[in-house]
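Containing compact mmCIF, C-alpha atoms: work-v2.txt.
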```txt
# COMPACT_ATOMS: atom_id res chain seq x y z
CA MET J 1034 142.97 102.40 126.00
CA SER J 1035 141.34 99.28 124.70
CA TRP J 1036 142.00 95.56 124.66
CA ALA J 1037 144.54 94.17 122.22
CA ILE J 1038 143.31 91.36 119.96
CA ASP J 1039 144.78 88.72 122.28
CA GLN J 1040 142.98 90.25 125.26
CA MET J 1041 139.67 90.32 123.34
CA VAL J 1042 140.13 86.67 122.48
CA ALA J 1043 141.07 85.82 126.08
CA ARG J 1044 137.94 87.61 127.34
CA ALA J 1045 135.80 85.66 124.88
CA ALA J 1046 137.45 82.42 126.02
CA ARG J 1047 136.00 83.06 129.50
CA GLU J 1048 132.53 82.48 127.99
CA VAL J 1049 133.45 78.82 127.41
CA HIS J 1050 132.47 76.28 130.06
CA PRO J 1051 134.11 72.89 130.70
CA TRP J 1052 132.49 69.90 128.92
CA SER J 1053 130.47 72.16 126.65
CA VAL J 1054 130.00 71.98 122.88
CA VAL J 1055 131.32 75.08 121.17
CA ASN J 1056 131.42 76.21 117.54
CA LEU J 1057 133.97 78.84 116.64
CA GLY J 1058 133.33 80.92 113.52
CA ILE J 1059 135.91 81.62 110.87
CA GLY J 1060 138.39 84.46 111.55
CA LEU J 1061 138.91 85.97 114.99
CA PRO J 1062 136.66 83.45 116.81
CA THR J 1063 138.85 80.57 115.57
CA ARG J 1064 141.66 81.95 117.76
CA LEU J 1065 139.69 81.14 120.92
CA ALA J 1066 140.87 77.56 120.61
CA GLU J 1067 144.39 78.63 121.58
CA ALA J 1068 143.19 80.87 124.42
CA LEU J 1069 141.31 78.17 126.35
CA PRO J 1070 142.87 76.99 129.63
CA GLU J 1071 145.39 74.20 129.11
CA GLY J 1072 143.74 70.79 129.37
CA MET J 1073 140.18 72.19 129.58
CA ALA J 1074 137.69 69.58 128.38
CA VAL J 1075 135.77 71.34 125.60
CA TRP J 1076 134.30 69.83 122.46
CA LEU J 1077 134.90 72.17 119.56
CA GLN J 1078 132.38 71.53 116.81
CA SER J 1079 133.11 72.06 113.14
CA GLU J 1080 129.98 72.11 111.01
CA ASN J 1081 131.52 70.00 108.25
CA GLY J 1082 131.17 67.03 110.61
CA LEU J 1083 133.61 66.93 113.51
CA LEU J 1084 133.01 67.27 117.26
CA GLY J 1085 136.21 67.45 119.31
CA MET J 1086 138.69 69.36 117.18
CA GLY J 1087 142.27 69.43 118.41
CA PRO J 1088 145.11 71.77 117.51
CA ALA J 1089 146.64 72.13 114.05
CA PRO J 1090 148.66 69.06 113.04
CA ALA J 1091 152.45 68.97 113.11
CA GLU J 1092 154.10 69.48 109.77
CA GLY J 1093 154.14 66.25 107.81
CA GLU J 1094 151.21 64.84 109.81
CA GLU J 1095 148.41 66.62 107.95
CA ASP J 1096 145.48 64.51 106.77
CA PRO J 1097 143.87 66.23 103.76
CA GLN J 1098 140.57 64.54 104.66
CA LEU J 1099 140.54 65.88 108.22
CA ILE J 1100 139.60 69.56 107.98
CA ASN J 1101 137.52 72.20 109.72
CA ALA J 1102 134.82 74.36 108.14
CA GLY J 1103 137.49 76.94 107.27
CA LYS J 1104 139.11 74.16 105.20
CA GLN J 1105 142.18 74.11 107.45
CA VAL J 1106 143.68 70.74 108.31
CA VAL J 1107 143.06 69.86 111.96
CA THR J 1108 143.51 67.06 114.50
CA MET J 1109 141.06 65.37 116.87
CA ARG J 1110 141.11 65.32 120.66
CA ALA J 1111 140.40 62.17 122.69
CA GLY J 1112 136.62 61.73 122.70
CA ALA J 1113 136.12 63.25 119.25
CA SER J 1114 133.50 62.03 116.79
CA LEU J 1115 133.00 62.25 113.02
CA PHE J 1116 129.65 62.45 111.24
CA ASP J 1117 127.90 63.76 108.16
CA SER J 1118 126.59 67.29 107.56
CA SER J 1119 122.97 66.32 108.20
CA LEU J 1120 123.75 65.17 111.75
CA SER J 1121 126.07 68.14 112.20
CA PHE J 1122 123.33 70.62 111.41
CA ALA J 1123 120.82 68.67 113.50
CA MET J 1124 123.30 69.29 116.33
CA ILE J 1125 123.43 72.99 115.49
CA ARG J 1126 119.80 73.73 114.63
CA GLY J 1127 118.47 71.43 117.33
CA GLY J 1128 120.10 73.41 120.14
CA HIS J 1129 122.79 70.88 121.00
CA VAL J 1130 125.62 73.36 120.53
CA ASP J 1131 125.99 75.24 123.81
CA LEU J 1132 127.86 78.22 122.43
CA ALA J 1133 128.66 79.69 119.04
CA VAL J 1134 131.26 82.44 118.85
CA LEU J 1135 130.78 84.31 115.59
CA GLY J 1136 132.17 87.30 113.76
CA ALA J 1137 129.87 90.12 112.72
CA LEU J 1138 129.47 92.98 110.28
CA GLN J 1139 126.66 94.47 112.38
CA VAL J 1140 124.75 93.64 115.58
CA SER J 1141 121.60 95.46 116.68
CA MET J 1142 120.39 96.17 120.20
CA LEU J 1143 117.60 93.69 119.42
CA GLY J 1144 120.22 90.97 119.09
CA ASP J 1145 119.85 90.81 115.32
CA LEU J 1146 123.01 89.70 113.50
CA ALA J 1147 124.39 90.58 110.06
CA ASN J 1148 127.52 88.70 109.09
CA TRP J 1149 127.14 87.28 105.57
CA ALA J 1150 126.66 90.06 103.02
CA VAL J 1151 127.42 93.72 102.45
CA PRO J 1152 125.08 95.66 100.13
CA GLN J 1153 126.64 96.44 96.73
CA GLN J 1154 129.48 94.04 97.35
CA ARG J 1155 130.13 90.53 96.12
CA VAL J 1156 128.43 87.95 98.31
CA MET J 1157 130.82 85.42 99.82
CA GLY J 1158 128.07 82.99 100.72
CA ILE J 1159 126.03 81.85 103.68
CA GLY J 1160 127.81 78.69 104.75
CA GLY J 1161 126.75 77.62 108.24
CA ALA J 1162 126.27 81.16 109.58
CA MET J 1163 122.45 81.29 109.49
CA ASP J 1164 122.06 77.85 111.06
CA LEU J 1165 124.56 78.59 113.84
CA ALA J 1166 123.01 81.97 114.61
CA ALA J 1167 119.48 80.52 114.66
CA GLY J 1168 120.29 77.27 116.43
CA ALA J 1169 123.09 77.59 118.98
CA ARG J 1170 121.86 77.89 122.57
CA ARG J 1171 124.03 80.93 123.17
CA VAL J 1172 125.58 83.23 120.56
CA VAL J 1173 128.54 85.44 121.45
CA VAL J 1174 129.83 87.84 118.82
CA LEU J 1175 133.54 88.60 118.81
CA THR J 1176 134.39 91.56 116.61
CA ARG J 1177 136.08 94.94 116.37
CA HIS J 1178 133.79 97.65 117.75
CA THR J 1179 133.81 99.55 114.45
CA ALA J 1180 134.37 98.61 110.81
CA LYS J 1181 137.62 99.47 109.02
CA SER J 1182 135.82 102.53 107.63
CA GLY J 1183 135.12 103.66 111.19
CA GLU J 1184 131.38 102.92 110.90
CA PRO J 1185 129.88 101.57 114.13
CA LYS J 1186 129.01 97.87 114.10
CA LEU J 1187 126.73 98.07 117.15
CA LEU J 1188 123.51 99.71 115.97
CA SER J 1189 119.91 100.32 116.92
CA ARG J 1190 118.80 98.59 113.69
CA LEU J 1191 120.73 96.61 111.06
CA SER J 1192 121.29 98.14 107.63
CA TYR J 1193 122.99 95.04 106.17
CA PRO J 1194 121.20 91.80 105.21
CA VAL J 1195 120.06 89.77 108.22
CA THR J 1196 121.73 86.50 109.22
CA ALA J 1197 119.27 85.81 112.06
CA LEU J 1198 116.95 87.89 114.24
CA GLY J 1199 117.26 88.23 118.00
CA CYS J 1200 119.99 85.63 118.23
CA VAL J 1201 122.94 87.48 119.80
CA ASP J 1202 123.35 87.17 123.58
CA ARG J 1203 126.62 89.06 123.99
CA VAL J 1204 129.11 91.16 122.00
CA ILE J 1205 132.80 91.32 122.89
CA THR J 1206 134.91 94.04 121.25
CA GLU J 1207 138.21 95.76 122.01
CA LEU J 1208 136.23 98.31 124.06
CA GLY J 1209 134.37 95.89 126.30
CA VAL J 1210 131.49 93.46 126.73
CA PHE J 1211 127.96 94.42 125.68
CA ASP J 1212 124.61 92.66 125.90
CA PRO J 1213 121.75 93.52 123.51
CA LEU J 1214 118.79 94.43 125.75
CA GLY J 1215 116.17 95.32 123.12
CA ASP J 1216 116.13 99.10 123.68
CA ALA J 1217 119.88 99.52 124.31
CA PHE J 1218 123.19 97.70 124.68
CA GLY J 1219 123.99 96.99 128.31
CA VAL J 1220 127.63 97.71 129.16
CA VAL J 1221 128.68 94.60 131.06
CA GLU J 1222 132.40 95.29 131.19
CA ARG J 1223 134.74 97.76 129.63
CA ALA J 1224 138.41 97.57 128.72
CA PRO J 1225 140.68 99.49 131.11
CA GLY J 1226 140.51 103.25 130.65
CA VAL J 1227 137.65 103.27 128.14
CA THR J 1228 135.40 106.26 128.88
CA ASP J 1229 131.65 106.69 128.50
CA ALA J 1230 132.31 109.26 125.78
CA GLU J 1231 134.44 106.81 123.77
CA LEU J 1232 131.74 104.16 123.95
CA VAL J 1233 129.01 106.57 122.94
CA ALA J 1234 131.08 107.85 120.00
CA ALA J 1235 131.79 104.35 118.71
CA THR J 1236 128.26 102.95 119.14
CA ALA J 1237 125.18 103.81 117.05
CA ALA J 1238 122.67 102.67 119.65
CA PRO J 1239 121.70 103.71 123.19
CA LEU J 1240 123.96 102.33 125.89
CA ARG J 1241 122.95 101.43 129.43
CA PHE J 1242 125.85 101.88 131.84
CA MET H 1455 123.43 40.74 89.25
CA SER H 1456 126.90 39.30 88.75
CA ASN H 1457 129.53 38.87 91.45
CA GLU H 1458 130.66 42.41 90.76
CA GLY H 1459 127.28 43.63 91.99
CA LYS H 1460 127.19 47.40 91.71
CA VAL H 1461 130.90 47.78 90.94
CA ALA H 1462 131.44 49.51 87.58
CA PRO H 1463 134.59 48.61 85.61
CA ASP H 1464 135.58 52.26 85.10
CA VAL H 1465 134.50 55.87 85.55
CA SER H 1466 132.73 56.15 82.22
CA ALA H 1467 130.60 53.07 82.98
CA ALA H 1468 129.88 54.52 86.42
CA LEU H 1469 128.53 57.70 84.78
CA GLU H 1470 126.38 55.94 82.16
CA GLY H 1471 123.06 57.70 81.62
CA LEU H 1472 124.31 61.13 82.62
CA GLN H 1473 122.75 63.60 80.16
CA ASN H 1474 122.66 67.28 79.29
CA GLY H 1475 120.54 69.37 81.64
CA MET H 1476 120.65 66.95 84.56
CA THR H 1477 121.04 67.90 88.22
CA VAL H 1478 124.24 66.50 89.71
CA ALA H 1479 125.20 66.63 93.40
CA VAL H 1480 128.88 66.30 94.28
CA SER H 1481 130.16 65.65 97.82
CA GLY H 1482 133.25 67.21 99.35
CA PHE H 1483 134.10 70.31 101.31
CA GLY H 1484 136.16 72.67 99.18
CA LEU H 1485 138.91 70.52 97.69
CA SER H 1486 138.77 68.02 100.57
CA SER H 1487 137.24 64.57 100.06
CA ASN H 1488 136.36 65.11 96.40
CA PRO H 1489 135.34 62.29 94.05
CA GLU H 1490 138.20 63.39 91.82
CA ALA H 1491 137.95 60.80 89.07
CA LEU H 1492 134.19 61.19 88.69
CA ILE H 1493 134.57 64.99 88.53
CA ARG H 1494 137.08 64.54 85.67
CA GLY H 1495 134.85 61.91 84.09
CA VAL H 1496 131.91 64.31 83.82
CA VAL H 1497 134.03 66.83 81.90
CA ASP H 1498 135.37 64.07 79.67
CA CYS H 1499 131.94 62.69 78.78
CA GLY H 1500 130.90 66.02 77.27
CA VAL H 1501 127.61 66.70 79.07
CA ARG H 1502 126.50 70.32 79.36
CA GLU H 1503 123.87 72.58 80.92
CA LEU H 1504 124.20 70.88 84.29
CA THR H 1505 122.71 72.04 87.55
CA LEU H 1506 125.51 71.55 90.05
CA VAL H 1507 124.55 70.90 93.66
CA ALA H 1508 127.62 71.23 95.88
CA ASN H 1509 128.71 73.11 98.98
CA ASN H 1510 131.31 75.16 97.12
CA ALA H 1511 132.20 74.69 93.48
CA GLY H 1512 135.85 73.79 93.83
CA ALA H 1513 138.66 76.31 94.29
CA GLN H 1514 141.81 77.58 92.62
CA GLY H 1515 140.73 76.22 89.26
CA LEU H 1516 140.65 72.71 90.71
CA GLY H 1517 137.97 70.18 91.59
CA LEU H 1518 134.53 71.38 90.53
CA ALA H 1519 136.03 74.64 89.29
CA THR H 1520 137.09 72.59 86.25
CA TRP H 1521 133.36 72.25 85.41
CA LEU H 1522 133.02 76.03 85.51
CA ARG H 1523 136.09 76.48 83.31
CA ALA H 1524 134.70 73.92 80.87
CA GLY H 1525 131.42 75.88 80.78
CA ILE H 1526 129.22 72.88 81.53
CA VAL H 1527 127.37 74.35 84.54
CA ARG H 1528 124.19 76.35 83.96
CA ARG H 1529 123.05 76.61 87.55
CA PHE H 1530 124.76 76.27 90.93
CA ILE H 1531 122.95 75.41 94.15
CA GLY H 1532 125.29 75.64 97.12
CA THR H 1533 126.23 77.51 100.27
CA TYR H 1534 129.44 79.38 99.62
CA VAL H 1535 131.04 81.35 96.79
CA GLY H 1536 133.87 83.16 98.59
CA GLY H 1537 137.39 82.75 97.27
CA ASN H 1538 136.25 80.84 94.18
CA GLU H 1539 137.41 83.03 91.30
CA ASP H 1540 136.00 80.75 88.62
CA LEU H 1541 132.55 80.75 90.19
CA GLN H 1542 132.68 84.50 90.72
CA ALA H 1543 133.66 85.04 87.10
CA ALA H 1544 130.89 82.73 85.89
CA ILE H 1545 128.35 84.62 88.02
CA ASP H 1546 129.59 88.05 86.92
CA GLY H 1547 129.52 86.95 83.27
CA GLY H 1548 125.95 85.70 83.61
CA ASP H 1549 126.99 82.18 82.64
CA VAL H 1550 125.86 80.59 85.87
CA GLU H 1551 122.72 81.20 87.86
CA VAL H 1552 123.32 80.83 91.60
CA GLN H 1553 121.03 79.76 94.40
CA LEU H 1554 122.70 80.24 97.78
CA VAL H 1555 121.28 78.14 100.60
CA PRO H 1556 122.20 78.02 104.29
CA GLN H 1557 124.35 74.92 104.77
CA GLY H 1558 122.02 73.17 107.21
CA THR H 1559 119.07 73.79 104.91
CA PHE H 1560 121.12 72.63 101.92
CA VAL H 1561 121.92 69.24 103.40
CA GLU H 1562 118.45 68.79 104.92
CA ARG H 1563 116.76 69.47 101.55
CA LEU H 1564 118.84 66.64 100.09
CA ARG H 1565 118.17 64.36 103.04
CA ALA H 1566 114.45 65.11 102.84
CA ALA H 1567 114.38 64.16 99.16
CA GLY H 1568 115.98 60.83 100.02
CA ALA H 1569 113.82 60.26 103.07
CA GLY H 1570 110.48 60.55 101.27
CA LEU H 1571 109.65 64.00 102.59
CA ALA H 1572 108.33 66.90 100.50
CA GLY H 1573 110.01 69.46 102.74
CA PHE H 1574 110.41 70.66 106.30
CA TYR H 1575 110.02 73.72 108.50
CA THR H 1576 113.26 75.27 109.72
CA PRO H 1577 114.02 78.30 111.90
CA THR H 1578 117.12 79.00 109.79
CA GLY H 1579 116.79 82.01 107.51
CA VAL H 1580 113.69 83.55 109.13
CA GLY H 1581 113.82 87.32 108.64
CA SER H 1582 116.59 87.07 106.02
CA LEU H 1583 116.70 87.22 102.22
CA VAL H 1584 116.51 83.42 102.25
CA ALA H 1585 112.90 83.69 103.46
CA GLU H 1586 111.68 85.56 100.38
CA GLY H 1587 108.80 83.78 98.67
CA LYS H 1588 108.64 80.99 101.24
CA GLU H 1589 105.80 80.07 103.57
CA LEU H 1590 106.36 81.38 107.11
CA ARG H 1591 104.57 79.44 109.81
CA HIS H 1592 104.56 79.65 113.59
CA PHE H 1593 104.79 76.60 115.84
CA GLU H 1594 104.65 77.09 119.62
CA GLY H 1595 105.22 80.80 119.10
CA ARG H 1596 108.38 80.41 117.03
CA ALA H 1597 108.69 81.25 113.32
CA PHE H 1598 109.78 78.65 110.76
CA LEU H 1599 110.27 78.61 106.99
CA LEU H 1600 109.02 75.90 104.67
CA GLU H 1601 111.93 74.51 102.68
CA ARG H 1602 111.36 72.01 99.88
CA ALA H 1603 113.17 68.75 99.24
CA LEU H 1604 115.97 68.80 96.65
CA PRO H 1605 116.04 65.60 94.59
CA VAL H 1606 118.91 65.11 92.14
CA ASP H 1607 119.54 62.89 89.12
CA PHE H 1608 123.09 61.84 89.97
CA ALA H 1609 125.16 62.03 93.14
CA LEU H 1610 128.93 61.68 92.97
CA VAL H 1611 130.27 60.73 96.37
CA ARG H 1612 133.80 60.10 97.64
CA ALA H 1613 134.30 57.29 100.11
CA HIS H 1614 137.11 55.38 101.78
CA ARG H 1615 135.74 51.86 101.35
CA ALA H 1616 132.77 50.37 99.55
CA ASP H 1617 131.62 46.79 99.00
CA PRO H 1618 129.83 45.32 95.94
CA PHE H 1619 126.41 46.02 97.49
CA GLY H 1620 127.35 49.68 97.94
CA ASN H 1621 127.86 49.71 101.70
CA VAL H 1622 130.14 52.64 102.39
CA ARG H 1623 132.66 53.88 104.94
CA PHE H 1624 134.07 57.38 104.87
CA TRP H 1625 137.42 58.70 106.06
CA GLY H 1626 137.93 61.62 108.45
CA THR H 1627 135.63 64.53 107.72
CA GLY H 1628 134.87 62.97 104.33
CA HIS H 1629 131.28 62.10 105.27
CA ASN H 1630 130.08 65.70 104.82
CA PHE H 1631 127.29 65.76 102.19
CA GLY H 1632 127.85 62.22 100.86
CA PRO H 1633 125.05 60.38 102.68
CA ALA H 1634 122.39 63.05 102.05
CA MET H 1635 123.37 63.39 98.37
CA ALA H 1636 123.36 59.63 97.82
CA MET H 1637 119.91 59.42 99.41
CA ALA H 1638 118.59 62.25 97.21
CA ALA H 1639 119.83 60.75 93.93
CA ARG H 1640 118.21 58.47 91.38
CA VAL H 1641 121.73 57.26 90.64
CA ALA H 1642 124.25 57.52 93.50
CA VAL H 1643 127.79 56.77 92.36
CA VAL H 1644 130.44 56.13 94.99
CA GLU H 1645 134.11 56.64 94.20
CA ALA H 1646 135.92 54.52 96.76
CA ASP H 1647 139.64 54.45 97.51
CA GLY H 1648 139.21 50.71 97.85
CA VAL H 1649 136.49 48.15 97.08
CA VAL H 1650 136.34 45.34 99.63
CA PRO H 1651 134.43 42.03 99.45
CA LEU H 1652 130.99 41.68 101.06
CA GLY H 1653 131.62 41.52 104.80
CA GLY H 1654 134.80 43.56 104.40
CA ILE H 1655 133.11 46.38 106.28
CA ALA H 1656 131.72 45.12 109.59
CA PRO H 1657 127.94 45.71 109.70
CA GLY H 1658 128.18 48.17 112.59
CA ASP H 1659 130.90 50.12 110.80
CA VAL H 1660 128.84 50.88 107.67
CA HIS H 1661 128.26 54.66 107.47
CA LEU H 1662 125.90 54.52 104.46
CA PRO H 1663 123.95 51.32 103.73
CA GLY H 1664 124.05 49.98 100.17
CA ALA H 1665 120.32 50.58 99.68
CA PHE H 1666 121.19 54.20 98.99
CA VAL H 1667 123.92 53.43 96.44
CA GLN H 1668 123.47 52.36 92.81
CA ARG H 1669 127.08 52.20 91.56
CA VAL H 1670 130.58 51.88 92.93
CA VAL H 1671 133.87 52.59 91.19
CA GLU H 1672 137.29 51.93 92.68
CA VAL H 1673 139.86 54.71 92.31
CA ARG H 1674 143.06 54.10 94.24
CA GLU H 1675 144.97 57.29 93.52
CA HIS H 1676 143.79 60.74 94.57
CA ALA H 1677 145.53 64.11 94.67
CA ASP H 1678 143.75 64.99 97.96
CA LEU H 1679 144.97 68.56 97.99
CA ILE H 1680 145.15 70.63 101.13
CA GLU H 1681 143.41 73.94 100.46
CA LYS H 1682 144.64 75.67 103.63
CA ALA H 1683 147.52 74.33 105.69
CA ARG H 1684 146.85 76.64 108.65
```

Could you render the structure as structure tokens?
Amino acid sequence: MSWAIDQMVARAAREVHPWSVVNLGIGLPTRLAEALPEGMAVWLQSENGLLGMGPAPAEGEEDPQLINAGKQVVTMRAGASLFDSSLSFAMIRGGHVDLAVLGALQVSMLGDLANWAVPQQRVMGIGGAMDLAAGARRVVVLTRHTAKSGEPKLLSRLSYPVTALGCVDRVITELGVFDPLGDAFGVVERAPGVTDAELVAATAAPLRF
Amino acid sequence: MSNEGKVAPDVSAALEGLQNGMTVAVSGFGLSSNPEALIRGVVDCGVRELTLVANNAGAQGLGLATWLRAGIVRRFIGTYVGGNEDLQAAIDGGDVEVQLVPQGTFVERLRAAGAGLAGFYTPTGVGSLVAEGKELRHFEGRAFLLERALPVDFALVRAHRADPFGNVRFWGTGHNFGPAMAMAARVAVVEADGVVPLGGIAPGDVHLPGAFVQRVVEVREHADLIEKAR
């Protein structure tokens, strides 16, 4: 047994505190927005220059000049603000974003993150990933436990190009919740029915139960 | 200066002095908030061998991707390539040299150039490929990289309103790289949806003061495409 995608997202949503500033990465992390408690006061930051993102607009009400960093049209909640990229990255790099939830290709037990390039493959680009990883006060990675190929994503050491060193505080996968401790991943929680053997088989780093 | 101040009569006048081999920064995020008429104007004026400084280089053959298709870009400095087939093809074919920069570093290099700074130390990129060849220095026990300012010849910036002095207001998330690029440029050209008289933007509502802007051109119609609806 493991968590379904929705359950993973819901577990990650529990990392979000009221009145905090949160940046959600592209892909799975973006779905956290819909999993937050109804009416919870949270300021979702988009690095292209928006703090206080609301839900997707109704059809016919899209503003092509109101987008998120994934280039999707968005809305603004009450209390939102708009600003330029320089201020946006001052917010990110300066430690004014309380939480960044990011996707990952690999995470090491040292908290190192790789999420922008795969060796021998076309590079998509860096975007805001390195700034968010280096600058957010807390970084939670939300990802499948293994790659599509079956390769573990939680490792002793990265083999892919580094996004930022020692930046990851927590990893949430379909198998559970894991904290990089330097010499191992601490198993904080596990999805119902997941055994020690399953975790060991899917993880290429020591685990501390 | 006449009553028109910095307002150019048309796009080609707004781009006067743009030459082969220059470095041109263009604001916008993907296809959102693009200075569409100025982007077309650069292709029309026939300059080549440009260094393009932009977050992405257009998409789906549109926006700045038209520069790639026209073969007028020699070098691209930006943050993201993904999903841009024209850029990928230009890279694969060896037609365009690419320098990928973390987005916060990208905008700060431009801002630094406009703010009279030679560079800055940032924690972003430490331990990554971005750090190669750069000075690493520790402050209070934390590692930082020296990143250099990025001055540009021209900046092409989309805005909502501008006045004849070049005071600017943006719309929505249209600020993005506009202020930093305008600051970094010898010639900052603003493409405004509407030009208003002096005083038409209340002083406290000005997003970018006219001191950073050399030219303004009014362009009322824009395609303003939505790259991703959901």

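What separates atom CA of J:Pro1239 from atom CA of J:Met1142 is a distance of 8.2 Å.
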
Return the single residue from J:Arg1241, J:Arg1044, J:Arg1155, J:Lys1186 that is closest to chain H, with distances computed using only C-alpha atoms.
J:Arg1155

Go through H:Glu1503, H:Asp1546, H:Asp1498, H:Glu1672 and flag the residue nearest chain J, using all atoms listed in the file for the distances.
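Closest residue, counting all atoms listed in the file: H:Asp1546.
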
Let me make sure I understand: among H:Val1555, H:Val1478, H:Leu1485, H:Leu1506, which one has the smallest atom-to-atom distance to H:Arg1602 if we use all atoms listed in the file?
H:Val1555

Against chain J, which residues of chain H fall within 8 Å? For each one I want the closest pair of atoms and the distance in Å (one decimal), counting all atoms listed in the file, rows by chain and increasing residue number, as a tab-separated table.
```
residue	atom	partner	partner_atom	distance
H:Phe1483	CA	J:Asn1081	CA	7.4
H:Gly1484	CA	J:Lys1104	CA	6.9
H:Ser1486	CA	J:Gln1098	CA	5.7
H:Ser1487	CA	J:Gln1098	CA	5.7
H:Thr1533	CA	J:Gly1160	CA	4.9
H:Tyr1534	CA	J:Gly1158	CA	4.0
H:Val1535	CA	J:Met1157	CA	5.1
H:Gly1536	CA	J:Met1157	CA	4.0
H:Gly1537	CA	J:Met1157	CA	7.5
H:Leu1554	CA	J:Gly1158	CA	6.7
H:Val1555	CA	J:Ile1159	CA	6.8
H:Pro1556	CA	J:Ile1159	CA	5.5
H:Gln1557	CA	J:Gly1161	CA	5.0
H:Gly1558	CA	J:Phe1122	CA	5.1
H:Thr1559	CA	J:Asp1164	CA	8.0
H:Val1561	CA	J:Ser1119	CA	5.7
H:Glu1562	CA	J:Ser1119	CA	6.1
H:Arg1565	CA	J:Ser1119	CA	7.3
H:Pro1577	CA	J:Ala1167	CA	6.5
H:Thr1578	CA	J:Asp1164	CA	5.2
H:Gly1579	CA	J:Met1163	CA	6.0
H:Val1580	CA	J:Ala1197	CA	6.7
H:Gly1581	CA	J:Leu1198	CA	6.4
H:Ser1582	CA	J:Val1195	CA	4.9
H:Leu1583	CA	J:Pro1194	CA	7.1
H:Trp1625	CA	J:Gln1098	CA	6.8
H:Gly1626	CA	J:Leu1099	CA	5.0
H:Thr1627	CA	J:Leu1099	CA	5.1
H:Gly1628	CA	J:Gln1098	CA	5.9
H:His1629	CA	J:Asp1117	CA	4.7
H:Asn1630	CA	J:Asp1117	CA	4.4
H:Phe1631	CA	J:Ser1118	CA	5.6
H:Gly1632	CA	J:Asp1117	CA	7.5
H:Pro1633	CA	J:Asp1117	CA	7.0
H:Ala1634	CA	J:Ser1119	CA	7.0
H:Asp1678	CA	J:Pro1097	CA	5.9
H:Leu1679	CA	J:Pro1097	CA	6.3
H:Ile1680	CA	J:Pro1097	CA	5.3
H:Glu1681	CA	J:Lys1104	CA	6.4
H:Lys1682	CA	J:Gln1105	CA	4.8
H:Ala1683	CA	J:Gln1105	CA	5.6
H:Arg1684	CA	J:Gln1105	CA	5.4
```

Considering only C-alpha atoms, state which residue in the set H:Leu1604, H:Leu1610, H:Ala1519, H:Ala1508 is at the smallest distance from H:Ala1646.
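Among the listed residues, H:Leu1610 lies closest to H:Ala1646.
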
How many Å lie between atom CA of H:Phe1530 and atom CA of J:Ile1059, rounded to one decimal?
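Interatomic distance here is 23.5 Å.
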
Edge lengths and centre in Å to one decimal, as JSON, is what I'm after for the box along x, y and z that holds all listed atoms of stretch 1114-1118 of chain J once 6 Å is added on each side.
```
{"center_x": 130.0, "center_y": 64.7, "center_z": 112.2, "size_x": 18.9, "size_y": 17.3, "size_z": 21.2}
```

Which residue, H:Arg1674, H:Arg1669, H:Arg1529, H:Arg1523, has the smallest gap to H:Glu1470 when you use only C-alpha atoms?
H:Arg1669

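Using only C-alpha atoms, the residues found no farther than 9 Å from J:Ala1046, other than those of its own chain fewer than 3 positions away, are Met1041, Val1042, Ala1043, Val1049, His1050, Leu1065, Ala1066, Ala1068, Leu1069 and Pro1070 of chain J.
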
Pick from J:Leu1057, J:Ala1091, J:Leu1191, J:Ala1045: nearest to J:Asp1131, with all atoms listed in the file counted?
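Nearest candidate to J:Asp1131 out of J:Leu1057, J:Ala1091, J:Leu1191, J:Ala1045: J:Leu1057.
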
Quote the spacing between atom CA of J:Ala1180 and atom CA of H:Ala1543 in Å to one decimal place.
27.3 Å

Which residues are near J:Val1174? Cut-off 12 Å, all atoms listed in the file, ignore same chain within fewer than 5 positions. Put them as a ChimeraX atom specification.
/J:1041-1042,1044-1046,1048,1056-1062,1132-1141,1144-1148,1162,1165-1166,1186-1187,1200-1207,1209-1213

Using all atoms listed in the file, determine which residues lie at most 9 Å from H:Leu1522, disregarding the query and same-chain residues fewer than 3 positions distant; provide the list as a PDB file with C-alpha atoms, keeping the file's coordinate frame.
```pdb
ATOM      1  CA  ALA H1511     132.200  74.690  93.480  1.00  0.00           C
ATOM      2  CA  GLY H1515     140.730  76.220  89.260  1.00  0.00           C
ATOM      3  CA  LEU H1518     134.530  71.380  90.530  1.00  0.00           C
ATOM      4  CA  ALA H1519     136.030  74.640  89.290  1.00  0.00           C
ATOM      5  CA  GLY H1525     131.420  75.880  80.780  1.00  0.00           C
ATOM      6  CA  ILE H1526     129.220  72.880  81.530  1.00  0.00           C
ATOM      7  CA  VAL H1527     127.370  74.350  84.540  1.00  0.00           C
ATOM      8  CA  ARG H1528     124.190  76.350  83.960  1.00  0.00           C
ATOM      9  CA  ASP H1540     136.000  80.750  88.620  1.00  0.00           C
ATOM     10  CA  LEU H1541     132.550  80.750  90.190  1.00  0.00           C
ATOM     11  CA  ALA H1544     130.890  82.730  85.890  1.00  0.00           C
ATOM     12  CA  VAL H1550     125.860  80.590  85.870  1.00  0.00           C
TER      13      VAL H1550
END
```

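Residues in contact with H:Val1643 at up to 7 Å, not including ones fewer than 6 positions away on its chain and judged by only C-alpha atoms, are Ala1468, Ala1609, Leu1610, Val1611, Val1667, Gln1668, Arg1669 and Val1670 of chain H.
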
Please identify all polymer residues lying at most 8 Å from the point (132.8, 68.9, 121.9) (file coordinates), using all atoms listed in the file, and present the result as a list of chain:residue names.
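Within the cut-off we find J:Trp1052, J:Ser1053, J:Val1054, J:Val1055, J:Val1075, J:Trp1076, J:Leu1077, J:Gln1078, J:Leu1084, J:Gly1085, J:Met1086, J:Ala1113.
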